[in-house]
Amino acid sequence: MWVENSLRIERPLDAVFAWYAGAHAENHPRWDPDVSLERTSDEPTGVGTVFRRRNTRYGEPVEGTMEVVEYEPPRSFGVLITEGGFEMPARAEFAAEGPGATRITILVSVPDSVDADLIRARMTRSAENIRALAEADL
């Protein structure tokens, strides 16, 4: 099942993409305190980049990885999350809404055994954090 959330950020498309996708390891833990990411190389973020991932969303920490599988500036950013015996594709789509605003649509495929309502609630929290952080940072 795919879970989706969409938000509007009052900042230009290129800047939002660079902030969200290009600096993903640095910014993701800021908007989602349940997740920590660590780069496995010093290379710029792009297809093939792998992050070590630690998720505490369900209480017990779960170790895994997040691999960038799609990186098309400034339109899309996709990852494959592997943790706890699951693989979850996720992606963000970016679209300009005028010269100074960007729409981000975030989609995550969750296995049937994962609590989709919890994921929806966390995505809503993250979207609010993304908007506030991006508008403050940019």
# chains A, B, ... in the order shown; residues from 1 in each chain; ligands from 1

$ closest_atom_pairs --of "stretch 38-92 of chain A" --to "stretch 13-31 of chain A" --cutoff "7 Å" --atoms "only C-alpha atoms" --output "tab-separated table"
residue	atom	partner	partner_atom	distance
A:Glu38	CA	A:Ala25	CA	6.4
A:Arg39	CA	A:Ala25	CA	6.6
A:Thr45	CA	A:Gly22	CA	5.5
A:Pro73	CA	A:Phe17	CA	6.8
A:Pro74	CA	A:Phe17	CA	5.5
A:Phe77	CA	A:Ala21	CA	6.3

$ closest_residue --among "A:Thr105, A:Ser126, A:Thr49, A:Ser41" --to "A:Ser6" --atoms "only C-alpha atoms"
A:Thr105

$ closest_residue --among "A:Glu4, A:Arg57, A:Glu93, A:Gly100" --to "A:Leu118" --atoms "only C-alpha atoms"
A:Arg57

$ atom_distance --atom1 "atom CA of A:Asp32" --atom2 "atom CA of A:Arg122"
7.8 Å

$ select_by_dssp --residues "stretch 59-119 of chain A" --states "strand (DSSP E or B)" --output "ChimeraX atom specification"
/A:62-72,76-83,86-96,102-109

$ residues_around --residues "A:Ala90" --least-positions-apart "5" --cutoff "6 Å" --atoms "only C-alpha atoms" --output "number ranges by chain"
A: 78-79, 107-108

$ atom_distance --atom1 "atom CA of A:Ile119" --atom2 "atom CA of A:Thr56"
12.7 Å

$ select_by_dssp --residues "chain A" --states "helix (DSSP H, G or I)" --output "ChimeraX atom specification"
/A:13-22,24-31,116-137

$ closest_residue --among "A:Gly98, A:Gly64, A:Gly48, A:Pro89" --to "A:Met1" --atoms "only C-alpha atoms"
A:Pro89

$ residues_around --residues "A:Pro61" --least-positions-apart "3" --cutoff "12 Å" --atoms "only C-alpha atoms" --output "list of chain:residue names"
A:Asp34, A:Val35, A:Ser36, A:Arg53, A:Arg54, A:Asn55, A:Thr56, A:Arg57, A:Tyr58, A:Gly64, A:Glu83, A:Gly84

$ write_last_selection --atoms "C-alpha atoms" --output "short mmCIF file (atom, residue, chain, number, x, y, z; two decimals), in the first residue's frame"
data_model
loop_
_atom_site.label_atom_id
_atom_site.label_comp_id
_atom_site.auth_asym_id
_atom_site.auth_seq_id
_atom_site.Cartn_x
_atom_site.Cartn_y
_atom_site.Cartn_z
CA ASP A 34 12.59 8.76 14.62
CA VAL A 35 15.26 8.27 11.94
CA SER A 36 18.99 8.85 11.87
CA ARG A 53 19.65 4.11 8.72
CA ARG A 54 18.44 3.69 12.28
CA ASN A 55 14.70 3.81 12.94
CA THR A 56 13.25 4.10 16.45
CA ARG A 57 9.64 4.60 15.33
CA TYR A 58 8.42 1.38 16.98
CA GLY A 64 18.99 -0.77 7.98
CA GLU A 83 15.13 -2.50 7.48
CA GLY A 84 13.63 -5.11 9.76
#

$ closest_residue --among "A:Glu97, A:Arg103, A:Arg8, A:Pro33" --to "A:Arg125" --atoms "only C-alpha atoms"
A:Pro33

$ atom_distance --atom1 "atom CA of A:Arg52" --atom2 "atom CA of A:Val114"
20.7 Å

$ closest_residue --among "A:Phe94, A:Val3, A:Ser76, A:Val50" --to "A:Asp117" --atoms "only C-alpha atoms"
A:Val3

$ residues_around --residues "A:Pro99" --least-positions-apart "3" --cutoff "10 Å" --atoms "only C-alpha atoms" --output "list in words"
Glu10, Arg11, Pro12, Leu13, Ala96 and Thr102 of chain A
